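So the structure is just underneath, and the comments pick up after that.
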Amino acid sequence: ELYDKYGMEGVKNGGAPGMGGFGDIFDLFGGGMRGHGHGQKQQKKVKPVLKEIDVKLEDIYTGKMLKIPVERKRVCEECEGKGGSKVNTCSTCKGKGMIEKMMQLAPGMYQHASYPCHDCKGQGKSVDEKDKCKSCKGQKITSQKKQMEVAIEQGVPDGHDYIFYGEADEIPGAMAGDLYFRVKTEKHPHFLRKGADLFYEKKITLLEALTGFNFELKFLDNSKITVSTMPGEVIGHDEMKVIKGKGMPFYKDAMSHGNLYIKFLVEFPKRGQLKANQIEELKQILPGPKTGPSDNKKANFLEDFDETEMNPNAEGGKTRGEDDEDEEDMPRGGQRVQCAQQ
C-alpha cells in the first residue's frame, strides 16, 4: 500500500515525507541508520517484523526445534532491484522523485510543500513497459517464502525474543530488516508456570486427607511421577506442599530445576452421605468437642449461601442502579410482590 501511494521513497521512509520511517521506527530497537565511518552516507534499514509463536509448556520443558514458514519481500534477483533492463530518469521530477509546489493557506500566506512524483512513484527513475522485469513486473521487489528454524531452549521465559538478523523485508537501497519471534506460552490444562516453578491443584477426599494417599502424576516430559504423603501426615484444605527439583529447567542452566507446588482441595462429604451411626463413630474417633446440631428452636441455624440475598448497599438491599435493572428485567405489566410479615 505504501508503494502504491508513495512509491519506493515512501516505502523507504515508511510513509509520506515528514512522517518518519523504517529507520525512525528501528531506532526503538537500537538500530536505525547504519554507517561505516565519519563522512560516509548512512544506510537505512527496513523496520523489523515481530511474529508471536505459540509454544506448548511441554516443549519449553524439554526443548524443541520449531519450523515456521514466513513470507517476506526481497529485492528481485532477476533485475537486481532495478525494475527492468533499461532505467530512465523521470522527466517530470527530473530524477528528484519529489514534486515541489507552493500552496496558498490564506490570502498572502503560502507554504512550500513537496510530495512524491506520481509518474515515477517517488523513485526519480522509470522503466518503459517493454523494458520491465518479467519477474517483479517492474516493482523491484518480489514475495519470497522461507522456512525458519527456531530452537526453543529448555526453560525459555514467556515473552522471550529470538532474533534473525536481516531475515525480514528487504527493499533496494536499504538493509534488510530483522525478524523477531516472540515466545508465547500456551495455557496448560493442569500446570501453571511462574518463573521456574510449577503449580498444580489436586482434589482429594476427606478420607485421603486424614489417612494419607499416593497418586501418579503425568509430567511434562510424558513421564509418571508418584506423589505420596508422609506416614501419619494429615493434609488440610487449601494446603500447599512442595516437591523440590520438579519444576521447570532453569533458563541457560537446564541441569537445575525449580520446584513443583501442589495445592490440595479437600472434598468433604455432602449432606446426607453420612449416616447417624457413622457420625457417632466419628465423634468417638476424632478429637474435638462432642457437640452436634442444637435441639433449641431459637438457635440460629445455618442455611445455604445465596449471593442474590447479599446487601452491598449500606441502606440495605442492592444499590439503586441494580434495583432499576431488576425492574427493567421484569415483564411489562408485572408487579413486584413482597411477602407479608408475620
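Naming scheme: A, B, ... for chains in displayed order of the C-alpha cells; residues 1 onward per chain; ligands 1 onward as shown.
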Segment 72-87 of chain A environment, 9 Å, only C-alpha atoms, sequence neighbours closer than 2 positions dropped, as a tab-separated table (two decimals) with C-alpha atoms, in the first residue's frame:
```tsv
chain	number	residue	atom	x	y	z
A	70	VAL	CA	7.40	-16.94	6.75
A	89	THR	CA	15.45	9.39	-15.46
A	125	LYS	CA	13.56	6.89	-12.35
A	126	SER	CA	11.17	4.99	-14.57
A	127	VAL	CA	11.17	1.92	-16.74
A	128	ASP	CA	9.27	1.64	-20.00
A	129	GLU	CA	6.65	-1.08	-20.13
A	130	LYS	CA	8.59	-3.07	-22.71
A	131	ASP	CA	11.75	-3.00	-20.56
A	132	LYS	CA	10.13	-4.00	-17.23
A	133	CYS	CA	11.44	-7.06	-15.44
A	134	LYS	CA	9.18	-10.06	-16.03
A	135	SER	CA	9.89	-11.48	-12.58
A	136	CYS	CA	8.91	-8.47	-10.44
A	137	LYS	CA	6.91	-6.63	-13.16
A	138	GLY	CA	8.93	-3.51	-12.52
A	139	GLN	CA	8.25	-3.44	-8.77
A	140	LYS	CA	11.92	-4.17	-7.88
A	141	ILE	CA	10.86	-6.50	-5.07
A	142	THR	CA	9.28	-9.95	-5.02
A	143	SER	CA	7.49	-12.03	-2.42
A	144	GLN	CA	9.59	-14.87	-1.05
A	145	LYS	CA	8.67	-17.79	1.19
A	146	LYS	CA	11.15	-19.33	3.58
A	167	GLU	CA	15.58	-12.06	7.59
A	168	ALA	CA	12.57	-9.72	7.38
A	169	ASP	CA	11.57	-7.48	4.43
A	170	GLU	CA	14.13	-6.00	2.05
A	171	ILE	CA	14.00	-3.10	-0.43
A	172	PRO	CA	16.59	-1.60	-2.81
A	173	GLY	CA	18.92	0.90	-1.17
A	176	ALA	CA	17.02	-5.91	5.21
```
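Running DSSP on the backbone and keeping only helix (DSSP H, G or I), the residues of segment 88-229 of chain A that qualify are Glu129, Lys130, Asp131, Leu206, Leu207, Glu208, Ala209, Leu210 and Thr211 of chain A.
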(request) DSSP on the backbone, then: every residue of segment 67-277 of chain A marked strand (DSSP E or B), written as a ChimeraX atom specification. (result) /A:67-75,84,88-89,98-106,109-116,125-126,132,141-152,161-164,174-175,179-185,192-194,197-205,214-218,224-228,239-243,249-250,253-257,260-267
(request) Tell me, as a PyMOL selection string, which residues lie within 6 Å of segment 231-239 of chain A, counting only C-alpha atoms; anything in the same chain fewer than 3 positions away does not count. (result) chain A and resi 209-210+263-266
Written file, previous selection with C-alpha atoms, as a tab-separated table (two decimals), in the first residue's frame:
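Dumped to result_18.tsv:
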```
chain	number	residue	atom	x	y	z
A	209	ALA	CA	-6.69	-36.06	53.80
A	210	LEU	CA	-6.93	-37.80	57.16
A	263	LYS	CA	-2.31	-27.28	46.31
A	264	PHE	CA	-4.76	-29.77	47.82
A	265	LEU	CA	-8.52	-29.23	47.73
A	266	VAL	CA	-10.27	-31.46	50.27
```
(request) Can you work out the spacing between atom CA of Lys252 of chain A and atom CA of Gln154 of chain A in Å, to one decimal? (result)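 Atom CA of Lys252 of chain A sits 7.7 Å away from atom CA of Gln154 of chain A.
The residue that comes closest to Phe181 of chain A, out of A:Met109, A:Pro269, A:Glu309, A:Pro48 and on the basis of only C-alpha atoms, is A:Pro48.
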(request) Determine, counting only C-alpha atoms, which protein, DNA and RNA residues have an atom within 9 Å of an atom of Glu58 of chain A; residues of the same chain fewer than 2 positions away are not included. Present the result as a list in words. (result)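 Counting only C-alpha atoms, the residues come to Val55, Lys56, Ile60, Tyr61, Thr62, Gly63, His188, Phe219, Leu220, Asp221 and Asn222 of chain A.
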(request) Go through A:Cys117, A:Met240, A:Met175, A:Ile262 and flag the residue nearest Lys101 of chain A, using only C-alpha atoms for the distances. (result)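 Ranking A:Cys117, A:Met240, A:Met175, A:Ile262 by distance to Lys101 of chain A, first place goes to A:Cys117.
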(message) For a quick check of understanding, using only C-alpha atoms, which of A:Glu201, A:Asp178, A:Glu216, A:Asp295 has the smallest distance to Val46 of chain A?
(response) A:Asp178
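Of the listed residues A:Asp253, A:Cys90, A:Thr308, A:Phe215, the one whose atoms come nearest to Lys203 of chain A is A:Phe215, with distances taken using only C-alpha atoms.
One finds atom CA of Val49 of chain A at 27.3 Å from atom CA of Tyr115 of chain A.
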